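Data file: target08.cif. Format and content: mmCIF, C-alpha atoms.
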data_structure
loop_
_atom_site.group_PDB
_atom_site.id
_atom_site.type_symbol
_atom_site.label_atom_id
_atom_site.label_comp_id
_atom_site.auth_asym_id
_atom_site.auth_seq_id
_atom_site.Cartn_x
_atom_site.Cartn_y
_atom_site.Cartn_z
ATOM 1 C CA MET A 48 84.109 -27.370 -147.946
ATOM 2 C CA HIS A 49 83.037 -30.054 -145.465
ATOM 3 C CA ASP A 50 79.744 -31.933 -145.285
ATOM 4 C CA VAL A 51 77.384 -30.099 -142.992
ATOM 5 C CA THR A 52 75.197 -32.120 -140.643
ATOM 6 C CA ARG A 53 71.900 -30.716 -139.427
ATOM 7 C CA VAL A 54 70.253 -31.618 -136.135
ATOM 8 C CA GLU A 55 66.917 -29.920 -135.593
ATOM 9 C CA LYS A 56 64.197 -30.321 -133.006
ATOM 10 C CA LEU A 57 60.933 -28.482 -132.386
ATOM 11 C CA ILE A 58 59.516 -28.840 -128.910
ATOM 12 C CA GLU A 59 56.847 -27.284 -126.704
ATOM 13 C CA ILE A 60 58.173 -26.105 -123.357
ATOM 14 C CA ASP A 61 55.763 -25.542 -120.498
ATOM 15 C CA ALA A 62 57.303 -22.208 -119.506
ATOM 16 C CA PRO A 63 57.035 -18.620 -120.746
ATOM 17 C CA THR A 64 59.581 -17.232 -123.210
ATOM 18 C CA GLY A 65 61.136 -15.090 -120.445
ATOM 19 C CA THR A 66 62.083 -18.173 -118.415
ATOM 20 C CA ILE A 67 63.618 -19.905 -121.433
ATOM 21 C CA TRP A 68 65.450 -16.765 -122.471
ATOM 22 C CA ALA A 69 66.901 -16.425 -118.959
ATOM 23 C CA VAL A 70 68.392 -19.928 -119.226
ATOM 24 C CA LEU A 71 69.593 -19.492 -122.827
ATOM 25 C CA THR A 72 71.405 -16.251 -122.095
ATOM 26 C CA ASP A 73 73.154 -17.474 -118.947
ATOM 27 C CA PRO A 74 76.263 -19.300 -120.221
ATOM 28 C CA SER A 75 76.725 -20.990 -116.865
ATOM 29 C CA TYR A 76 73.853 -23.303 -117.852
ATOM 30 C CA LEU A 77 75.701 -24.631 -120.920
ATOM 31 C CA PRO A 78 77.402 -27.517 -119.053
ATOM 32 C CA LYS A 79 73.968 -28.625 -117.853
ATOM 33 C CA LEU A 80 72.427 -28.366 -121.314
ATOM 34 C CA TYR A 81 75.122 -30.364 -123.122
ATOM 35 C CA PRO A 82 75.873 -33.611 -121.282
ATOM 36 C CA ASP A 83 79.553 -33.747 -122.241
ATOM 37 C CA ILE A 84 80.451 -30.107 -121.783
ATOM 38 C CA VAL A 85 82.433 -29.805 -118.597
ATOM 39 C CA THR A 86 83.056 -26.076 -118.169
ATOM 40 C CA VAL A 87 82.403 -22.784 -119.901
ATOM 41 C CA GLU A 88 84.149 -19.441 -119.713
ATOM 42 C CA ALA A 89 82.330 -16.434 -121.115
ATOM 43 C CA ASN A 90 84.018 -13.266 -122.294
ATOM 44 C CA PRO A 91 82.697 -10.799 -121.267
ATOM 45 C CA PRO A 92 81.386 -12.732 -118.233
ATOM 46 C CA GLY A 93 77.713 -12.656 -117.342
ATOM 47 C CA ARG A 94 74.581 -12.525 -119.465
ATOM 48 C CA THR A 95 74.883 -13.136 -123.172
ATOM 49 C CA VAL A 96 75.184 -10.093 -125.387
ATOM 50 C CA ARG A 97 75.902 -9.909 -129.089
ATOM 51 C CA GLY A 98 79.604 -10.595 -129.615
ATOM 52 C CA GLN A 99 80.083 -12.546 -126.378
ATOM 53 C CA ASN A 100 82.607 -15.373 -126.799
ATOM 54 C CA CYS A 101 82.386 -18.647 -124.902
ATOM 55 C CA THR A 102 85.099 -21.273 -124.603
ATOM 56 C CA LEU A 103 83.686 -24.651 -123.747
ATOM 57 C CA ILE A 104 85.702 -27.629 -122.576
ATOM 58 C CA GLY A 105 84.120 -30.992 -123.154
ATOM 59 C CA ARG A 106 85.019 -34.637 -122.986
ATOM 60 C CA VAL A 107 84.993 -37.506 -125.383
ATOM 61 C CA GLY A 108 85.932 -40.678 -123.606
ATOM 62 C CA THR A 109 88.958 -39.705 -121.537
ATOM 63 C CA SER A 110 90.003 -36.833 -123.806
ATOM 64 C CA LYS A 111 89.324 -33.127 -123.428
ATOM 65 C CA ILE A 112 87.967 -31.229 -126.403
ATOM 66 C CA ARG A 113 87.621 -27.475 -126.895
ATOM 67 C CA VAL A 114 84.875 -25.517 -128.612
ATOM 68 C CA ALA A 115 84.871 -21.746 -129.028
ATOM 69 C CA ILE A 116 81.677 -19.958 -130.021
ATOM 70 C CA GLN A 117 80.478 -16.420 -130.451
ATOM 71 C CA PHE A 118 76.905 -15.172 -130.084
ATOM 72 C CA THR A 119 76.088 -13.350 -133.303
ATOM 73 C CA THR A 120 72.361 -12.640 -132.924
ATOM 74 C CA VAL A 121 70.662 -11.830 -129.627
ATOM 75 C CA ASP A 122 67.051 -10.885 -130.318
ATOM 76 C CA PRO A 123 65.471 -10.931 -126.826
ATOM 77 C CA GLU A 124 62.964 -13.733 -126.244
ATOM 78 C CA VAL A 125 62.806 -14.424 -129.994
ATOM 79 C CA ARG A 126 66.057 -15.692 -131.475
ATOM 80 C CA LEU A 127 69.580 -16.545 -130.400
ATOM 81 C CA VAL A 128 72.337 -17.513 -132.819
ATOM 82 C CA SER A 129 75.863 -18.680 -132.047
ATOM 83 C CA LYS A 130 78.669 -19.623 -134.419
ATOM 84 C CA SER A 131 81.982 -21.353 -133.955
ATOM 85 C CA ILE A 132 85.246 -19.470 -133.819
ATOM 86 C CA PRO A 133 88.004 -21.213 -135.846
ATOM 87 C CA GLY A 134 90.439 -23.384 -133.979
ATOM 88 C CA GLY A 135 88.338 -25.844 -131.997
ATOM 89 C CA LEU A 136 86.334 -28.976 -132.598
ATOM 90 C CA PHE A 137 84.198 -27.598 -135.415
ATOM 91 C CA ALA A 138 85.156 -26.596 -138.935
ATOM 92 C CA SER A 139 81.773 -24.868 -138.956
ATOM 93 C CA PHE A 140 79.009 -24.625 -136.375
ATOM 94 C CA GLU A 141 75.842 -22.581 -136.244
ATOM 95 C CA HIS A 142 73.227 -22.940 -133.530
ATOM 96 C CA THR A 143 69.945 -21.105 -133.977
ATOM 97 C CA ILE A 144 67.251 -21.201 -131.353
ATOM 98 C CA THR A 145 63.889 -19.526 -131.914
ATOM 99 C CA LEU A 146 61.087 -19.004 -129.431
ATOM 100 C CA GLU A 147 57.427 -18.518 -130.216
ATOM 101 C CA PRO A 148 55.050 -17.776 -127.330
ATOM 102 C CA MET A 149 51.879 -19.860 -127.062
ATOM 103 C CA GLY A 150 50.134 -18.388 -124.020
ATOM 104 C CA PRO A 151 52.071 -19.581 -120.959
ATOM 105 C CA ARG A 152 54.022 -22.077 -123.087
ATOM 106 C CA THR A 153 56.674 -21.662 -125.747
ATOM 107 C CA MET A 154 57.252 -23.427 -129.019
ATOM 108 C CA THR A 155 61.017 -23.792 -129.180
ATOM 109 C CA ASN A 156 63.035 -24.694 -132.236
ATOM 110 C CA ALA A 157 66.712 -25.615 -131.916
ATOM 111 C CA ARG A 158 68.758 -26.109 -135.045
ATOM 112 C CA PHE A 159 72.420 -27.045 -135.310
ATOM 113 C CA ASP A 160 74.346 -27.015 -138.604
ATOM 114 C CA TYR A 161 77.882 -28.225 -138.155
ATOM 115 C CA SER A 162 80.892 -29.974 -139.589
ATOM 116 C CA LEU A 163 83.763 -31.349 -137.537
ATOM 117 C CA SER A 164 87.310 -30.144 -138.011
ATOM 118 C CA PRO A 165 89.356 -32.774 -139.921
ATOM 119 C CA GLN A 166 92.463 -31.689 -138.000
ATOM 120 C CA TYR A 167 90.652 -32.354 -134.743
ATOM 121 C CA LEU A 168 89.331 -35.717 -135.909
ATOM 122 C CA GLU A 169 92.902 -36.806 -136.625
ATOM 123 C CA LYS A 170 93.927 -36.011 -133.057
ATOM 124 C CA VAL A 171 91.266 -37.982 -131.156
ATOM 125 C CA PRO A 172 91.781 -41.684 -130.464
ATOM 126 C CA ASP A 173 88.335 -42.612 -131.826
ATOM 127 C CA ALA A 174 86.869 -40.298 -134.484
ATOM 128 C CA LYS A 175 83.617 -42.289 -134.810
ATOM 129 C CA LEU A 176 83.024 -41.968 -131.086
ATOM 130 C CA LEU A 177 83.544 -38.223 -131.353
ATOM 131 C CA GLU A 178 80.959 -37.955 -134.153
ATOM 132 C CA HIS A 179 78.413 -39.889 -132.068
ATOM 133 C CA VAL A 180 79.109 -37.875 -128.939
ATOM 134 C CA VAL A 181 78.625 -34.586 -130.785
ATOM 135 C CA GLU A 182 75.324 -35.657 -132.327
ATOM 136 C CA ASP A 183 74.029 -37.061 -129.016
ATOM 137 C CA ASN A 184 74.922 -33.853 -127.194
ATOM 138 C CA LEU A 185 73.061 -31.699 -129.689
ATOM 139 C CA ARG A 186 69.985 -33.941 -129.506
ATOM 140 C CA ILE A 187 69.966 -34.030 -125.697
ATOM 141 C CA TYR A 188 70.431 -30.242 -125.462
ATOM 142 C CA ILE A 189 66.788 -29.463 -126.215
ATOM 143 C CA ARG A 190 65.513 -32.115 -123.799
ATOM 144 C CA ASN A 191 67.650 -30.663 -120.999
ATOM 145 C CA LEU A 192 66.547 -27.131 -121.886
ATOM 146 C CA LYS A 193 62.921 -28.215 -121.496
ATOM 147 C CA GLU A 194 63.615 -29.944 -118.180
ATOM 148 C CA ILE A 195 65.452 -26.982 -116.653
ATOM 149 C CA CYS A 196 62.932 -24.393 -117.871
ATOM 150 C CA GLU A 197 60.008 -26.392 -116.501
ATOM 151 C CA LEU A 198 61.391 -26.529 -112.950
ATOM 152 C CA LEU A 199 59.045 -24.877 -110.477
ATOM 153 C CA PRO A 200 59.866 -22.603 -107.554
ATOM 154 C CA LEU A 201 59.160 -23.981 -104.105
ATOM 155 C CA PRO A 202 55.645 -23.215 -102.810
ATOM 156 C CA GLU A 203 55.514 -20.106 -100.606
ATOM 157 C CA MET B 159 72.897 -34.820 -89.345
ATOM 158 C CA ARG B 160 73.935 -37.099 -92.188
ATOM 159 C CA THR B 161 77.516 -37.871 -93.094
ATOM 160 C CA VAL B 162 78.964 -39.086 -96.374
ATOM 161 C CA HIS B 163 82.574 -40.205 -96.267
ATOM 162 C CA GLU B 164 84.347 -41.443 -99.378
ATOM 163 C CA THR B 165 87.915 -42.249 -100.315
ATOM 164 C CA VAL B 166 89.048 -42.735 -103.882
ATOM 165 C CA LEU B 167 92.279 -42.986 -105.826
ATOM 166 C CA VAL B 168 92.425 -40.489 -108.705
ATOM 167 C CA GLN B 169 94.860 -41.296 -111.489
ATOM 168 C CA ALA B 170 96.034 -37.705 -111.776
ATOM 169 C CA THR B 171 98.419 -35.446 -109.913
ATOM 170 C CA PRO B 172 97.232 -33.461 -106.877
ATOM 171 C CA ALA B 173 97.684 -30.340 -109.055
ATOM 172 C CA ALA B 174 95.223 -31.655 -111.668
ATOM 173 C CA VAL B 175 92.644 -32.478 -108.976
ATOM 174 C CA TRP B 176 93.207 -29.130 -107.296
ATOM 175 C CA GLU B 177 92.551 -27.271 -110.568
ATOM 176 C CA VAL B 178 89.102 -28.854 -110.782
ATOM 177 C CA LEU B 179 88.355 -28.244 -107.098
ATOM 178 C CA VAL B 180 89.154 -24.538 -107.045
ATOM 179 C CA ASP B 181 87.537 -23.586 -110.357
ATOM 180 C CA PRO B 182 83.838 -22.855 -109.686
ATOM 181 C CA HIS B 183 83.073 -23.388 -113.397
ATOM 182 C CA PHE B 184 83.312 -27.130 -112.744
ATOM 183 C CA THR B 185 80.822 -27.204 -109.859
ATOM 184 C CA PRO B 186 77.598 -27.702 -111.897
ATOM 185 C CA LYS B 187 79.231 -30.618 -113.675
ATOM 186 C CA LEU B 188 80.400 -32.267 -110.493
ATOM 187 C CA TYR B 189 77.000 -32.457 -108.794
ATOM 188 C CA PRO B 190 74.163 -33.903 -110.887
ATOM 189 C CA ASP B 191 71.461 -31.708 -109.345
ATOM 190 C CA ILE B 192 73.309 -28.394 -109.278
ATOM 191 C CA LEU B 193 72.312 -26.144 -112.167
ATOM 192 C CA ASN B 194 74.642 -23.205 -111.703
ATOM 193 C CA MET B 195 76.600 -21.251 -109.150
ATOM 194 C CA ARG B 196 77.484 -17.627 -108.494
ATOM 195 C CA ALA B 197 80.731 -16.929 -106.661
ATOM 196 C CA GLU B 198 81.639 -13.661 -104.964
ATOM 197 C CA PRO B 199 84.356 -12.672 -105.638
ATOM 198 C CA PRO B 200 84.129 -14.404 -109.041
ATOM 199 C CA GLY B 201 86.870 -16.731 -110.191
ATOM 200 C CA ARG B 202 88.952 -19.334 -108.464
ATOM 201 C CA ALA B 203 88.301 -20.241 -104.848
ATOM 202 C CA VAL B 204 89.730 -18.017 -102.148
ATOM 203 C CA VAL B 205 89.048 -18.168 -98.432
ATOM 204 C CA GLY B 206 85.917 -16.116 -97.790
ATOM 205 C CA GLN B 207 84.502 -16.625 -101.297
ATOM 206 C CA LYS B 208 80.719 -16.768 -100.978
ATOM 207 C CA ARG B 209 78.793 -19.072 -103.270
ATOM 208 C CA THR B 210 75.105 -19.132 -104.124
ATOM 209 C CA VAL B 211 74.054 -22.373 -105.701
ATOM 210 C CA ALA B 212 70.889 -23.088 -107.721
ATOM 211 C CA GLY B 213 69.816 -26.678 -108.003
ATOM 212 C CA LYS B 214 66.854 -28.948 -108.334
ATOM 213 C CA ALA B 215 65.057 -31.310 -106.001
ATOM 214 C CA GLY B 216 62.761 -33.379 -108.144
ATOM 215 C CA LYS B 217 60.894 -30.840 -110.266
ATOM 216 C CA ARG B 218 61.535 -27.931 -107.890
ATOM 217 C CA LEU B 219 64.146 -25.207 -108.032
ATOM 218 C CA ILE B 220 66.137 -24.866 -104.832
ATOM 219 C CA GLU B 221 68.966 -22.684 -103.572
ATOM 220 C CA PHE B 222 71.659 -22.953 -100.942
ATOM 221 C CA ARG B 223 74.659 -20.902 -99.899
ATOM 222 C CA THR B 224 78.197 -21.825 -99.013
ATOM 223 C CA GLU B 225 81.491 -20.178 -98.199
ATOM 224 C CA VAL B 226 85.059 -21.319 -98.791
ATOM 225 C CA VAL B 227 86.446 -21.527 -95.251
ATOM 226 C CA GLY B 228 89.723 -23.364 -95.720
ATOM 227 C CA LEU B 229 92.290 -23.776 -98.483
ATOM 228 C CA VAL B 230 95.622 -25.501 -98.146
ATOM 229 C CA PRO B 231 96.920 -25.665 -101.729
ATOM 230 C CA LEU B 232 97.102 -29.220 -103.100
ATOM 231 C CA LYS B 233 96.084 -30.614 -99.706
ATOM 232 C CA ARG B 234 92.759 -29.452 -98.290
ATOM 233 C CA PHE B 235 89.625 -27.699 -99.537
ATOM 234 C CA GLU B 236 86.869 -26.798 -97.111
ATOM 235 C CA LEU B 237 83.364 -25.385 -97.563
ATOM 236 C CA ALA B 238 80.776 -24.448 -94.937
ATOM 237 C CA GLY B 239 77.099 -23.659 -95.354
ATOM 238 C CA ARG B 240 75.727 -20.168 -94.912
ATOM 239 C CA GLU B 241 72.374 -19.273 -93.441
ATOM 240 C CA GLY B 242 69.261 -19.639 -95.562
ATOM 241 C CA GLY B 243 68.538 -22.130 -98.292
ATOM 242 C CA ALA B 244 68.126 -25.859 -98.529
ATOM 243 C CA PHE B 245 70.569 -26.856 -95.780
ATOM 244 C CA GLU B 246 70.281 -26.008 -92.114
ATOM 245 C CA SER B 247 73.941 -26.919 -91.832
ATOM 246 C CA LEU B 248 76.592 -28.095 -94.280
ATOM 247 C CA SER B 249 80.267 -28.899 -94.174
ATOM 248 C CA GLU B 250 82.404 -30.351 -96.944
ATOM 249 C CA VAL B 251 86.060 -31.211 -96.483
ATOM 250 C CA ILE B 252 88.176 -32.602 -99.313
ATOM 251 C CA GLU B 253 91.662 -33.816 -98.519
ATOM 252 C CA LEU B 254 94.284 -34.709 -101.109
ATOM 253 C CA ALA B 255 97.370 -36.814 -100.555
ATOM 254 C CA GLU B 256 99.937 -37.828 -103.118
ATOM 255 C CA ALA B 257 99.797 -41.585 -103.585
ATOM 256 C CA LYS B 258 101.354 -44.202 -105.803
ATOM 257 C CA GLY B 259 99.564 -43.885 -109.140
ATOM 258 C CA GLY B 260 97.988 -40.529 -108.436
ATOM 259 C CA THR B 261 96.134 -38.777 -105.636
ATOM 260 C CA GLN B 262 94.271 -40.214 -102.681
ATOM 261 C CA LEU B 263 91.110 -38.192 -102.256
ATOM 262 C CA THR B 264 89.090 -38.191 -99.042
ATOM 263 C CA VAL B 265 85.756 -36.409 -99.049
ATOM 264 C CA THR B 266 83.658 -35.813 -95.930
ATOM 265 C CA PHE B 267 80.256 -34.199 -96.299
ATOM 266 C CA VAL B 268 78.127 -33.520 -93.229
ATOM 267 C CA PHE B 269 74.725 -31.894 -93.640
ATOM 268 C CA LYS B 270 71.256 -31.325 -92.295
ATOM 269 C CA VAL B 271 68.394 -30.550 -94.652
ATOM 270 C CA SER B 272 66.374 -27.469 -93.710
ATOM 271 C CA GLU B 273 62.816 -28.614 -93.052
ATOM 272 C CA SER B 274 61.610 -25.030 -92.799
ATOM 273 C CA TYR B 275 62.985 -24.219 -96.259
ATOM 274 C CA PHE B 276 61.188 -27.101 -97.944
ATOM 275 C CA GLY B 277 57.987 -27.080 -95.914
ATOM 276 C CA PRO B 278 55.751 -29.983 -94.946
ATOM 277 C CA GLN B 279 55.067 -31.226 -98.515
ATOM 278 C CA PHE B 280 58.587 -32.660 -98.767
ATOM 279 C CA ASP B 281 59.835 -35.871 -97.250
ATOM 280 C CA VAL B 282 63.080 -35.155 -95.408
ATOM 281 C CA LEU B 283 64.431 -38.673 -95.878
ATOM 282 C CA THR B 284 63.976 -38.417 -99.649
ATOM 283 C CA LEU B 285 65.755 -35.055 -99.674
ATOM 284 C CA GLU B 286 68.597 -36.507 -97.617
ATOM 285 C CA GLN B 287 68.912 -39.387 -100.058
ATOM 286 C CA MET B 288 69.127 -36.891 -102.944
ATOM 287 C CA ALA B 289 71.931 -35.019 -101.168
ATOM 288 C CA VAL B 290 73.794 -38.260 -100.415
ATOM 289 C CA ARG B 291 73.488 -39.394 -104.041
ATOM 290 C CA ASN B 292 74.763 -36.017 -105.279
ATOM 291 C CA GLN B 293 77.783 -36.264 -103.024
ATOM 292 C CA GLU B 294 78.547 -39.822 -104.135
ATOM 293 C CA VAL B 295 78.306 -38.868 -107.807
ATOM 294 C CA TYR B 296 80.429 -35.777 -107.059
ATOM 295 C CA VAL B 297 83.351 -37.972 -106.023
ATOM 296 C CA LYS B 298 82.998 -40.105 -109.162
ATOM 297 C CA ASN B 299 82.791 -37.009 -111.387
ATOM 298 C CA LEU B 300 85.711 -35.291 -109.656
ATOM 299 C CA LYS B 301 87.809 -38.365 -110.374
ATOM 300 C CA GLU B 302 86.652 -38.530 -114.005
ATOM 301 C CA LEU B 303 87.226 -34.845 -114.747
ATOM 302 C CA SER B 304 90.626 -34.792 -113.060
ATOM 303 C CA GLU B 305 91.714 -37.755 -115.175
ATOM 304 C CA LEU B 306 90.839 -36.208 -118.554
ATOM 305 C CA ASN B 307 93.739 -35.883 -120.979
ATOM 306 C CA SER B 308 94.330 -32.917 -123.194
ATOM 307 C CA ILE B 309 94.595 -33.716 -126.900
ATOM 308 C CA GLU B 310 95.758 -30.256 -128.024
#

For the file at hand, write its structure as structure tokens.
Amino acid sequence: MHDVTRVEKLIEIDAPTGTIWAVLTDPSYLPKLYPDIVTVEANPPGRTVRGQNCTLIGRVGTSKIRVAIQFTTVDPEVRLVSKSIPGGLFASFEHTITLEPMGPRTMTNARFDYSLSPQYLEKVPDAKLLEHVVEDNLRIYIRNLKEICELLPLPE
Amino acid sequence: MRTVHETVLVQATPAAVWEVLVDPHFTPKLYPDILNMRAEPPGRAVVGQKRTVAGKAGKRLIEFRTEVVGLVPLKRFELAGREGGAFESLSEVIELAEAKGGTQLTVTFVFKVSESYFGPQFDVLTLEQMAVRNQEVYVKNLKELSELNSIE
């Protein structure tokens, strides 16, 4: 059993739950939400459904890393949970995001519980850097989610 | 019309650069202000592939449309704008040439911002500067992503 790290952030987003849900369930946004994720491939492609797998390629320094996740709970506009699939960067990973409407705004909670794969840590040139990069990415995720969801359409 | 012309040496093979160029999954990561992109048909670039791109200009959501108009494997990648959206006209040509130490990359981006799309509240010069900055960062990111090493 590995030590599990928790990163959690509660934030108010100035957008309705529907807007946030649309971003959360479109895997093509993942590289914009996590600063060091480079690409994502979803299977099946398209909007997130329960059981959808995503393979994410990221970077740490000049090295590529791979993360595979599966969406395990898709409760529309309320809760989205993803977990890691064995074989990538994480020994364990669970990301839970919950939305609570507050009029036109949304209270959004993002929680990550994870431990890094020891086998993976042995392979990277700088394991400490990898640990920092992972934590930074998870912290920045919620800030980017807020920024994207609060974008406004052009005036008519 | 504004033109951005950049040349850079990428420390990777033309094949590694080409892989990044033709895979639309990389596009949002290459341009700082592009959020996502839909390609039709989906998947790797083919001549005639139509792309609809969502991005941001300041705090506003914008959209523009492109089409892959030229592909010479490992040598030349060409996009043209389609009607509607943030650009009145757009052309992007990326040329690759094998060079000592990697790949010589030449990127030429010619564009005109659509004033009618943005309306009078927007300053065209500021929008042009945003587009120029995106294209400059694109070249830097394309180099960085092409140079990544696999550790698996």

Which residue, B:Thr185, B:Gln169, B:Gln207, B:Thr161, has the smallest gap to chain A when you use only C-alpha atoms?
-> B:Thr185

Tell me which of A:Asp83, A:Glu147, A:Asp73, A:Glu194 sits closest to A:Gln99, counting all atoms listed in the file.
->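 Closest to A:Gln99, using all atoms listed in the file: A:Asp73.
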
Distance query stretch 239-245 of chain B at most 7 Å, all atoms listed in the file, self and fewer than 2 positions along chain excluded, as JSON, numbers by chain = {"B": [220, 221, 222, 223, 224, 225, 237, 247, 248, 249, 269, 270, 271, 272, 275]}

Residues of chain B within 9 Å of chain A, only C-alpha atoms counted, as a ChimeraX atom specification | /B:183-188,190,192-195,214,216-220,275-277,302-303,305-310

Distance atom CA of B:Ser274-atom CA of B:Gly213, one decimal place?
->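 Interatomic distance, atom CA of B:Ser274 to atom CA of B:Gly213: 17.4 Å.
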
Would you mind writing stretch 159-171 of chain B with N, CA and C atoms, as a compact mmCIF listing (two decimals), in the coordinates of the input?
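selection04.txt, freshly written:
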# COMPACT_ATOMS: atom_id res chain seq x y z
N MET B 159 71.71 -35.02 -88.49
CA MET B 159 72.90 -34.82 -89.34
C MET B 159 73.18 -36.10 -90.11
N ARG B 160 73.51 -35.94 -91.40
CA ARG B 160 73.94 -37.10 -92.19
C ARG B 160 75.39 -36.89 -92.60
N THR B 161 76.11 -37.95 -92.69
CA THR B 161 77.52 -37.87 -93.09
C THR B 161 77.78 -38.79 -94.28
N VAL B 162 78.49 -38.27 -95.26
CA VAL B 162 78.96 -39.09 -96.37
C VAL B 162 80.48 -39.02 -96.33
N HIS B 163 81.11 -40.17 -96.33
CA HIS B 163 82.57 -40.20 -96.27
C HIS B 163 83.06 -41.14 -97.37
N GLU B 164 83.87 -40.62 -98.26
CA GLU B 164 84.35 -41.44 -99.38
C GLU B 164 85.84 -41.25 -99.58
N THR B 165 86.50 -42.32 -99.96
CA THR B 165 87.92 -42.25 -100.32
C THR B 165 88.09 -42.88 -101.68
N VAL B 166 88.86 -42.21 -102.53
CA VAL B 166 89.05 -42.74 -103.88
C VAL B 166 90.45 -42.39 -104.37
N LEU B 167 90.98 -43.26 -105.22
CA LEU B 167 92.28 -42.99 -105.83
C LEU B 167 92.04 -42.37 -107.20
N VAL B 168 92.55 -41.17 -107.41
CA VAL B 168 92.42 -40.49 -108.70
C VAL B 168 93.73 -40.66 -109.46
N GLN B 169 93.63 -41.10 -110.70
CA GLN B 169 94.86 -41.30 -111.49
C GLN B 169 95.26 -39.99 -112.15
N ALA B 170 95.59 -39.03 -111.32
CA ALA B 170 96.03 -37.70 -111.78
C ALA B 170 96.82 -37.09 -110.63
N THR B 171 97.60 -36.08 -110.95
CA THR B 171 98.42 -35.45 -109.91
C THR B 171 97.53 -34.62 -108.98
